[in-house]
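Below is work.txt, which holds compact mmCIF, C-alpha atoms.
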```txt
# COMPACT_ATOMS: atom_id res chain seq x y z
CA MET A 1 2.45 -60.55 -44.70
CA PRO A 2 2.77 -60.65 -48.47
CA THR A 3 5.06 -58.09 -50.02
CA GLY A 4 6.43 -57.19 -53.43
CA ARG A 5 5.32 -59.40 -56.30
CA SER A 6 2.97 -61.55 -54.18
CA CYS A 7 1.32 -58.41 -52.80
CA ARG A 8 0.69 -57.07 -56.28
CA CYS A 9 -0.83 -60.44 -57.12
CA ALA A 10 -3.76 -59.53 -54.84
CA ALA A 11 -5.22 -57.39 -57.63
CA LEU A 12 -5.51 -60.49 -59.82
CA LEU A 13 -7.44 -62.29 -57.11
CA ARG A 14 -10.23 -59.76 -57.36
CA HIS A 15 -10.86 -60.68 -61.01
CA GLY A 16 -12.40 -63.73 -62.65
CA ALA A 17 -11.05 -67.26 -62.76
CA GLY A 18 -9.77 -66.76 -66.30
CA ALA A 19 -7.39 -64.01 -65.26
CA LYS A 20 -6.22 -66.08 -62.31
CA GLU A 21 -5.63 -69.17 -64.42
CA ASP A 22 -3.67 -67.21 -67.03
CA ALA A 23 -1.57 -65.61 -64.30
CA LEU A 24 -0.96 -69.00 -62.70
CA THR A 25 0.21 -70.45 -66.00
CA GLU A 26 2.66 -67.58 -66.41
CA ALA A 27 3.91 -67.86 -62.81
CA ARG A 28 4.47 -71.60 -63.20
CA ARG A 29 6.31 -71.01 -66.48
CA TRP A 30 8.75 -68.68 -64.74
CA LEU A 31 9.30 -71.25 -62.00
CA GLY A 32 11.16 -73.43 -64.47
CA VAL A 33 13.18 -70.60 -66.01
CA ASP A 34 16.60 -69.25 -65.12
CA VAL A 35 15.57 -65.60 -64.93
CA GLU A 36 19.01 -64.18 -65.64
CA GLU A 37 19.57 -66.42 -68.65
CA GLU A 38 16.11 -65.59 -70.00
CA LEU A 39 16.82 -61.86 -69.78
CA ARG A 40 20.24 -62.28 -71.37
CA ARG A 41 18.75 -64.29 -74.23
CA THR A 42 15.96 -61.77 -74.86
CA LEU A 43 18.33 -58.80 -74.84
CA ALA A 44 20.82 -60.60 -77.09
CA GLU A 45 18.10 -61.42 -79.61
CA GLY A 46 16.95 -57.80 -79.64
CA HIS A 47 20.52 -56.59 -80.11
CA ARG A 48 21.13 -58.98 -83.02
CA ALA A 49 17.87 -57.94 -84.64
CA GLU A 50 18.97 -54.32 -84.48
CA HIS A 51 22.66 -54.68 -85.36
CA GLY A 52 23.11 -58.03 -87.06
CA ASP A 53 24.92 -61.21 -86.06
CA ASP A 54 28.43 -59.73 -86.17
CA CYS A 55 27.95 -57.32 -83.27
CA ALA A 56 29.04 -59.46 -80.33
CA THR A 57 32.24 -57.51 -79.72
CA ARG A 58 30.44 -54.18 -79.50
CA VAL A 59 28.51 -54.81 -76.33
CA GLU A 60 29.24 -55.98 -72.79
CA THR A 61 26.58 -57.79 -70.76
CA VAL A 62 26.40 -57.00 -67.03
CA SER A 63 23.97 -58.54 -64.57
CA ARG A 64 23.20 -57.98 -60.91
CA ARG A 65 20.66 -59.05 -58.31
CA VAL A 66 18.88 -56.61 -56.01
CA ALA A 67 17.16 -57.85 -52.87
CA GLU A 68 13.84 -56.00 -52.55
CA ASP A 69 10.11 -56.45 -52.08
CA GLY A 70 10.33 -59.87 -50.44
CA GLY A 71 12.39 -61.33 -53.26
CA VAL A 72 15.17 -60.56 -55.71
CA THR A 73 15.06 -58.42 -58.82
CA VAL A 74 17.38 -59.65 -61.55
CA VAL A 75 18.79 -56.83 -63.67
CA VAL A 76 20.64 -57.45 -66.96
CA GLU A 77 22.19 -54.57 -68.89
CA LEU A 78 23.91 -54.24 -72.27
CA HIS A 79 26.71 -51.66 -72.19
CA HIS A 80 27.23 -50.41 -75.74
CA ASP A 81 30.16 -48.57 -77.28
CA GLY A 82 29.80 -44.88 -76.56
CA GLY A 83 28.32 -45.38 -73.10
CA ARG A 84 24.74 -46.19 -74.10
CA VAL A 85 23.08 -48.74 -71.77
CA THR A 86 19.99 -50.81 -72.47
CA GLY A 87 18.59 -53.44 -70.20
CA ALA A 88 15.72 -55.34 -68.66
CA GLU A 89 14.77 -56.53 -65.23
CA GLN A 90 12.50 -59.17 -63.78
CA GLN A 91 11.42 -59.82 -60.23
CA THR A 92 11.50 -63.30 -58.79
CA GLY A 93 8.90 -64.51 -56.29
CA HIS A 94 6.98 -66.50 -58.91
CA ALA A 95 6.59 -69.38 -56.46
CA ALA A 96 4.79 -67.07 -54.03
CA VAL A 97 2.49 -65.86 -56.80
CA ALA A 98 1.74 -69.42 -57.89
CA THR A 99 0.96 -70.39 -54.30
CA LEU A 100 -1.46 -67.50 -53.84
CA LEU A 101 -3.21 -68.16 -57.14
CA GLU A 102 -3.51 -71.90 -56.54
CA GLU A 103 -5.10 -71.26 -53.18
CA ALA A 104 -7.50 -68.72 -54.68
CA LEU A 105 -8.51 -71.25 -57.35
CA GLY A 106 -9.07 -73.96 -54.74
CA LEU A 107 -6.22 -76.12 -55.98
CA GLY A 108 -4.81 -78.40 -53.30
CA THR A 109 -1.08 -78.03 -53.94
CA PRO A 110 0.69 -80.90 -52.13
CA ALA A 111 2.55 -79.90 -48.98
CA ASP A 112 5.84 -81.23 -50.34
CA VAL A 113 5.51 -79.06 -53.45
CA LEU A 114 4.97 -75.98 -51.31
CA ALA A 115 7.94 -77.00 -49.18
CA GLU A 116 10.22 -77.25 -52.20
CA ARG A 117 9.12 -73.80 -53.34
CA ALA A 118 9.96 -72.39 -49.91
CA LEU A 119 13.30 -74.16 -49.75
CA ARG A 120 14.41 -73.45 -53.31
CA HIS A 121 16.29 -70.30 -52.31
CA GLY A 122 16.64 -71.16 -48.63
CA ASP A 123 15.67 -67.70 -47.36
CA PRO A 124 12.89 -67.53 -44.71
CA ASP A 125 12.46 -63.80 -45.40
CA ARG A 126 11.52 -64.24 -49.05
CA ASP A 127 7.92 -64.34 -50.21
CA ASP A 128 8.40 -67.79 -51.72
CA TRP A 129 8.95 -69.07 -48.16
CA THR A 130 6.46 -66.94 -46.23
CA GLU A 131 3.58 -67.55 -48.66
CA ALA A 132 4.15 -71.30 -48.59
CA VAL A 133 4.13 -71.29 -44.78
CA ALA A 134 1.00 -69.14 -44.65
CA ALA A 135 -0.83 -71.36 -47.14
CA LEU A 136 0.05 -74.50 -45.17
CA GLN A 137 -1.03 -72.91 -41.91
CA ARG A 138 -4.35 -71.80 -43.37
CA ARG A 139 -4.98 -75.24 -44.81
CA GLY A 140 -4.06 -77.12 -41.64
CA GLY A 141 -5.41 -80.62 -41.26
CA GLU A 142 -3.86 -84.03 -40.90
CA ASP A 143 -1.89 -84.00 -44.16
CA VAL A 144 -0.12 -80.75 -43.29
CA PHE A 145 0.61 -81.93 -39.75
CA ARG A 146 2.08 -85.21 -40.97
CA ALA A 147 4.24 -83.42 -43.52
CA ALA A 148 5.57 -80.97 -40.92
CA ALA A 149 6.22 -83.81 -38.49
CA ALA A 150 8.25 -85.60 -41.16
CA TRP A 151 10.28 -82.46 -41.88
CA CYS A 152 11.13 -82.21 -38.17
CA GLY A 153 12.77 -85.61 -38.38
CA THR A 154 15.09 -84.77 -41.25
CA GLU A 155 18.73 -83.72 -40.98
CA ASP A 156 18.12 -80.60 -43.10
CA PRO A 157 18.13 -77.46 -40.88
CA LEU A 158 16.14 -75.40 -43.39
CA ARG A 159 13.45 -78.09 -43.63
CA GLN A 160 13.32 -78.26 -39.83
CA MET A 161 12.92 -74.47 -39.67
CA LEU A 162 10.09 -74.70 -42.18
CA ALA A 163 8.44 -77.39 -40.07
CA ALA A 164 8.65 -75.23 -36.95
CA GLU A 165 7.08 -72.24 -38.69
CA VAL A 166 4.22 -74.35 -40.05
CA LEU A 167 3.59 -76.02 -36.69
CA ALA A 168 3.54 -72.63 -34.99
CA GLY A 169 0.37 -71.72 -36.90
CA LEU A 170 -1.57 -74.98 -36.52
CA THR A 171 -4.07 -73.94 -33.87
CA ASP A 172 -7.34 -75.69 -34.83
CA ASP A 173 -8.85 -79.11 -34.14
CA GLY A 174 -6.60 -80.02 -31.24
CA MET A 175 -3.46 -79.40 -33.27
CA PRO A 176 -1.58 -77.46 -30.52
CA ALA A 177 -1.62 -80.52 -28.25
CA ARG A 178 0.10 -82.47 -31.03
CA ALA A 179 2.36 -79.71 -32.34
CA VAL A 180 3.85 -78.62 -29.01
CA PRO A 181 5.51 -81.99 -28.20
CA LEU A 182 7.14 -82.00 -31.65
CA LEU A 183 8.40 -78.45 -31.15
CA ARG A 184 9.70 -79.25 -27.69
CA GLU A 185 11.66 -82.20 -29.05
CA LEU A 186 12.97 -80.17 -31.97
CA SER A 187 14.15 -77.36 -29.69
CA ARG A 188 15.83 -79.90 -27.41
CA GLU A 189 17.56 -81.96 -30.10
CA ALA A 190 18.51 -79.27 -32.62
CA ARG A 191 22.13 -78.19 -32.85
CA ASP A 192 21.77 -75.47 -35.46
CA PRO A 193 21.01 -72.12 -33.73
CA GLU A 194 18.60 -71.16 -36.51
CA VAL A 195 16.56 -74.30 -35.90
CA VAL A 196 16.58 -73.72 -32.14
CA ARG A 197 15.40 -70.16 -32.71
CA ALA A 198 12.59 -71.29 -35.01
CA ALA A 199 11.43 -73.95 -32.55
CA VAL A 200 11.51 -71.55 -29.59
CA ALA A 201 9.60 -68.90 -31.57
CA ALA A 202 7.01 -71.50 -32.53
CA LEU A 203 6.57 -72.59 -28.91
CA GLY A 204 5.99 -68.96 -28.01
CA GLN A 205 3.40 -68.59 -30.78
CA GLN A 206 1.57 -71.70 -29.64
CA ALA A 207 1.43 -70.08 -26.16
CA ASP A 208 1.13 -73.44 -24.44
CA PRO A 209 2.50 -73.47 -20.85
CA ALA A 210 3.86 -76.94 -21.60
CA GLY A 211 6.45 -75.30 -23.81
CA VAL A 212 7.85 -72.91 -21.18
CA THR A 213 10.41 -75.37 -19.82
CA GLU A 214 11.92 -75.91 -23.28
CA ILE A 215 11.98 -72.18 -23.96
CA LEU A 216 13.79 -71.55 -20.67
CA ARG A 217 16.31 -74.23 -21.52
CA HIS A 218 17.82 -71.84 -24.08
CA ALA A 219 17.94 -68.68 -21.96
CA GLY A 220 21.71 -69.04 -21.69
CA HIS A 221 22.30 -70.01 -25.32
CA PRO A 222 25.53 -68.58 -26.78
CA ASP A 223 23.71 -67.31 -29.86
CA THR A 224 22.28 -63.80 -29.39
CA GLU A 225 19.34 -64.37 -31.73
CA VAL A 226 18.28 -67.44 -29.75
CA ARG A 227 18.35 -65.52 -26.46
CA PHE A 228 16.39 -62.71 -28.12
CA THR A 229 13.78 -65.21 -29.30
CA VAL A 230 13.58 -66.71 -25.79
CA ALA A 231 12.79 -63.30 -24.32
CA VAL A 232 10.14 -62.58 -26.95
CA ALA A 233 8.57 -66.03 -26.56
CA LEU A 234 8.27 -65.66 -22.79
CA HIS A 235 6.33 -62.39 -22.95
CA GLY A 236 2.84 -63.08 -21.65
CA LEU A 237 3.57 -66.80 -21.40
CA LEU A 238 5.74 -67.14 -18.30
CA PRO A 239 3.49 -68.20 -15.40
CA ALA A 240 3.65 -66.24 -12.16
CA HIS A 241 5.40 -67.84 -9.21
CA ARG A 242 7.81 -69.89 -11.27
CA PRO A 243 11.19 -69.17 -9.67
CA ASP A 244 13.32 -70.75 -12.40
CA GLY A 245 11.57 -68.69 -15.05
CA VAL A 246 11.84 -65.45 -13.11
CA ALA A 247 15.52 -66.10 -12.44
CA ALA A 248 16.14 -66.76 -16.14
CA VAL A 249 14.43 -63.53 -17.17
CA ILE A 250 16.29 -61.54 -14.52
CA GLY A 251 19.50 -62.93 -15.99
CA LEU A 252 18.46 -61.83 -19.47
CA THR A 253 17.81 -58.27 -18.26
CA GLY A 254 21.59 -58.02 -17.86
CA ASP A 255 22.37 -59.45 -21.30
CA PRO A 256 25.05 -57.61 -23.33
CA ASP A 257 22.67 -57.34 -26.30
CA ASP A 258 20.31 -54.35 -26.27
CA GLY A 259 17.42 -56.22 -27.87
CA VAL A 260 17.60 -59.09 -25.41
CA ARG A 261 17.71 -56.71 -22.42
CA ASP A 262 14.80 -54.72 -23.82
CA TRP A 263 12.48 -57.69 -24.24
CA ALA A 264 13.55 -59.31 -20.96
CA THR A 265 12.88 -56.07 -19.07
CA THR A 266 9.45 -55.88 -20.70
CA VAL A 267 8.70 -59.48 -19.69
CA LEU A 268 9.75 -58.75 -16.12
CA ALA A 269 7.76 -55.52 -15.98
CA ASP A 270 4.58 -57.25 -17.17
CA LEU A 271 4.96 -60.31 -14.95
CA ASP A 272 2.02 -60.80 -12.61
CA GLU A 273 4.29 -61.08 -9.62
CA ASP A 274 6.00 -58.71 -7.20
CA THR A 275 9.14 -59.69 -5.31
CA PRO A 276 12.21 -57.80 -4.06
CA ALA A 277 14.31 -59.64 -6.66
CA ILE A 278 12.06 -58.47 -9.50
CA ARG A 279 12.08 -54.89 -8.24
CA ASP A 280 15.84 -54.83 -7.81
CA ALA A 281 16.37 -56.24 -11.31
CA LEU A 282 14.11 -53.53 -12.76
CA ALA A 283 15.85 -50.85 -10.72
CA ALA A 284 19.20 -52.02 -12.08
CA ARG A 285 17.99 -51.10 -15.58
CA LEU A 286 17.14 -47.51 -14.64
CA ASP A 287 20.66 -46.52 -15.64
CA ASP A 288 20.60 -48.47 -18.90
CA ALA A 289 22.17 -46.70 -21.84
CA VAL A 290 19.09 -47.50 -23.95
CA PRO A 291 16.20 -45.14 -23.06
CA ASP A 292 13.54 -47.66 -24.11
CA ILE A 293 14.88 -50.17 -21.60
CA GLU A 294 15.04 -47.54 -18.86
CA ALA A 295 11.42 -46.62 -19.60
CA GLU A 296 10.25 -50.24 -19.42
CA ALA A 297 12.03 -50.67 -16.09
CA ALA A 298 10.47 -47.50 -14.74
CA ARG A 299 7.05 -48.66 -15.88
CA GLY A 300 7.49 -52.01 -14.12
CA LEU A 301 8.50 -50.28 -10.90
CA ALA A 302 5.65 -47.77 -11.14
CA MET A 303 3.17 -50.61 -11.54
CA ARG A 304 4.57 -52.06 -8.30
CA GLN A 305 4.34 -48.70 -6.52
CA ASP A 306 8.11 -48.53 -6.13
CA ASP A 307 9.29 -44.93 -5.66
CA ARG A 308 12.53 -45.63 -7.52
CA ALA A 309 10.49 -45.18 -10.71
CA ILE A 310 9.74 -41.51 -10.09
CA ALA A 311 13.14 -39.97 -10.84
CA ALA A 312 13.50 -42.09 -13.97
CA LEU A 313 10.05 -41.13 -15.23
CA ALA A 314 10.79 -37.44 -14.64
CA ARG A 315 14.10 -37.71 -16.50
CA ILE A 316 12.55 -39.49 -19.50
CA LEU A 317 9.58 -37.14 -19.74
CA GLU A 318 11.91 -34.16 -19.69
CA SER A 319 14.68 -35.33 -21.99
CA GLU A 320 13.32 -37.88 -24.47
CA ASP A 321 11.61 -37.25 -27.81
CA PRO A 322 7.83 -36.96 -27.25
CA GLY A 323 7.32 -38.99 -30.41
CA GLY A 324 9.53 -41.83 -29.26
CA TYR A 325 8.83 -45.13 -27.53
CA ALA A 326 10.63 -44.27 -24.28
CA TYR A 327 8.60 -41.09 -23.77
CA SER A 328 5.31 -42.82 -24.64
CA THR A 329 6.04 -45.67 -22.21
CA ALA A 330 6.96 -43.29 -19.39
CA ASP A 331 3.93 -41.11 -20.09
CA GLN A 332 1.61 -44.10 -19.78
CA ALA A 333 3.39 -45.31 -16.65
CA VAL A 334 2.61 -42.09 -14.78
CA GLU A 335 -0.94 -43.32 -14.15
CA TYR A 336 0.46 -45.97 -11.79
CA VAL A 337 2.01 -43.37 -9.45
CA ALA A 338 -0.16 -43.44 -6.32
CA ASP A 339 0.94 -40.12 -4.82
CA GLU A 340 -1.39 -37.59 -6.43
CA ARG A 341 0.99 -34.67 -5.93
CA VAL A 342 3.88 -36.49 -7.57
CA ARG A 343 1.65 -37.78 -10.37
CA ARG A 344 0.44 -34.26 -11.21
CA ARG A 345 4.01 -32.98 -11.23
CA LEU A 346 5.02 -35.71 -13.68
CA GLU A 347 1.98 -35.04 -15.86
CA ALA A 348 2.97 -31.36 -16.02
CA THR A 349 6.56 -32.09 -17.09
CA VAL A 350 7.42 -30.19 -20.25
CA PRO A 351 9.76 -32.11 -22.60
CA ARG A 352 12.91 -30.24 -23.52
CA SER A 353 13.39 -32.39 -26.63
CA ARG A 354 10.82 -31.12 -29.13
```

Please go through the file and, once you have read it, give me the structure as structure tokens.
Amino acid sequence: MPTGRSCRCAALLRHGAGAKEDALTEARRWLGVDVEEELRRTLAEGHRAEHGDDCATRVETVSRRVAEDGGVTVVVELHHDGGRVTGAEQQTGHAAVATLLEEALGLGTPADVLAERALRHGDPDRDDWTEAVAALQRRGGEDVFRAAAAWCGTEDPLRQMLAAEVLAGLTDDGMPARAVPLLRELSREARDPEVVRAAVAALGQQADPAGVTEILRHAGHPDTEVRFTVAVALHGLLPAHRPDGVAAVIGLTGDPDDGVRDWATTVLADLDEDTPAIRDALAARLDDAVPDIEAEAARGLAMRQDDRAIAALARILESEDPGGYAYSTADQAVEYVADERVRRRLEATVPRSR
């Protein structure tokens, strides 16, 4: 989702082509500029115009970068004698703006150009990256697929991550059948945990059962973020009656990381299967220190008509914040309790945390 500077660019897209073209020219100009140096130069010129050329010793220039709004804001300040401060700031994210405007104007920016914009700062959370990925996914087609396939084969982890994110969103014209084998190979061959995570996430987004085996391969990965991504990717994708997959998820419900346990418990609760092993794994999470995990486990047991859910549901409904996730999950799970007397008692529970 666009944020910050690229989000504010949306207002320009509602106006005529002239406004868009002017904005694109300005965005492209900033792409070739060192923002900090430009601000320093402008402030220095203003200071000389006000005080003359012999004033260099009377001011100190300080700069900093603030991560915000999907990019970085560059701030440059002049600290004058006497404590007075003047300054200027400029957001980055001009590549994201240029990408949005080019797409709005129907300009077919080459895939490699968009890739270089994404990779310039090497941060997948910045708008320059996310807008390039989104534009490539929307465009789709053979050219984009071939470019992403080529990026998979490089030795550059960031380029491989970019490839995985693009391939994750290619869902038209038979693309999943071609993208999934590339993602499976990438997840299998990658050594960088960030690349593995990106490939596993992409396989989950493609939601192709052919990718489940490769996702499960990383259930025991030493990197916490990879295991977290495995659990997320398996939600709604793991087929019923697949013992290796169920065993892997049961293992993840005991993971030391809260986020991994949470997602794995949710996967297990929602699995369209009911076995003693699944029930026992859910019951083991009823004493979890994280209330959200306890609630998911209780929900899974309630859906399977397992009476071990009842005490946990009563405890959560009485003690947890009514506005929180654990309470909401337990409240919804009450409908699965078959015993009408017990169900009514749970429905009548008054929360003590209000």

Handout entry: One-decimal distance in Å that lies between CA of Asp112 (chain A) and CA of Leu31 (chain A)
Key = 15.7 Å

Handout entry: Selection near Gly174 (chain A), 12 Å with all atoms listed in the file, sequence-local residues under 4 positions removed, as a PyMOL selection string
Key = chain A and resi 140-142+145+170+178-180+206

Completion exercise
For Val267 (chain A), the closest of A:Asp244, A:Pro239, A:Leu78, A:Asp287 counting all atoms listed in the file is A:Pro239

Practice task
Select, counting all atoms listed in the file, all protein, DNA and RNA residues no farther than 12 Å from (18.6, -73.6, -20.5) in file coordinates, and express the selection as an MDAnalysis selection string.
Solution key: chainID A and resid 187:188 196 200 212:222 226:227 230 244:245 247:249 251:252

Exercise for the section: Please work out which residues fall within 9 Å of (12.6, -49.1, -14.5), coordinates as given in the file, with all atoms listed in the file counting, and return them as number ranges by chain. Expected result: A: 265, 269, 279, 281-287, 293-302, 308-309, 312-313

Completion exercise
Pairwise distance, CA of Arg304 (chain A) with CA of Arg352 (chain A), equals 27.9 Å

Handout entry: Selection near Ala163 (chain A), 6 Å with all atoms listed in the file, sequence-local residues under 5 positions removed, as JSON, numbers by chain
Key = {"A": [148, 151, 152]}

Handout entry: CA of Arg146 (chain A) to CA of Ala201 (chain A), distance in Å rounded to a single decimal
Key = 20.3 Å

Could you give me the axis-aligned bounding box of region 208-225 of chain A, with 3 Å of padding per side, as centre plus edge lengths in Å to one decimal, as lines of an AutoDock Vina configuration file?
```
center_x = 13.3
center_y = -70.4
center_z = -25.8
size_x = 30.4
size_y = 19.1
size_z = 17.9
```

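For the residues A:Asp128, A:Asp34, A:Glu21, A:Asp288, ranking by smallest atom-to-atom distance to Leu107 (chain A) using all atoms listed in the file places A:Glu21 first.
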
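If you measure from each of A:Leu167, A:Ala95, A:Ala88, A:Leu43 to Thr73 (chain A) using only C-alpha atoms, the closest one turns out to be A:Ala88.
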
Problem - Which residue of A:Asp262, A:Asp172, A:Asp307, A:Asp272 approaches Tyr336 (chain A) most closely, using only C-alpha atoms - result: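 Nearest to Tyr336 (chain A): A:Asp307.
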
Handout entry: A:Asp321, A:Asp173, A:Asp22, A:Glu189 ranked by distance to Glu155 (chain A), top pick (using all atoms listed in the file)
Key =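 Smallest distance to Glu155 (chain A) is found for A:Glu189.
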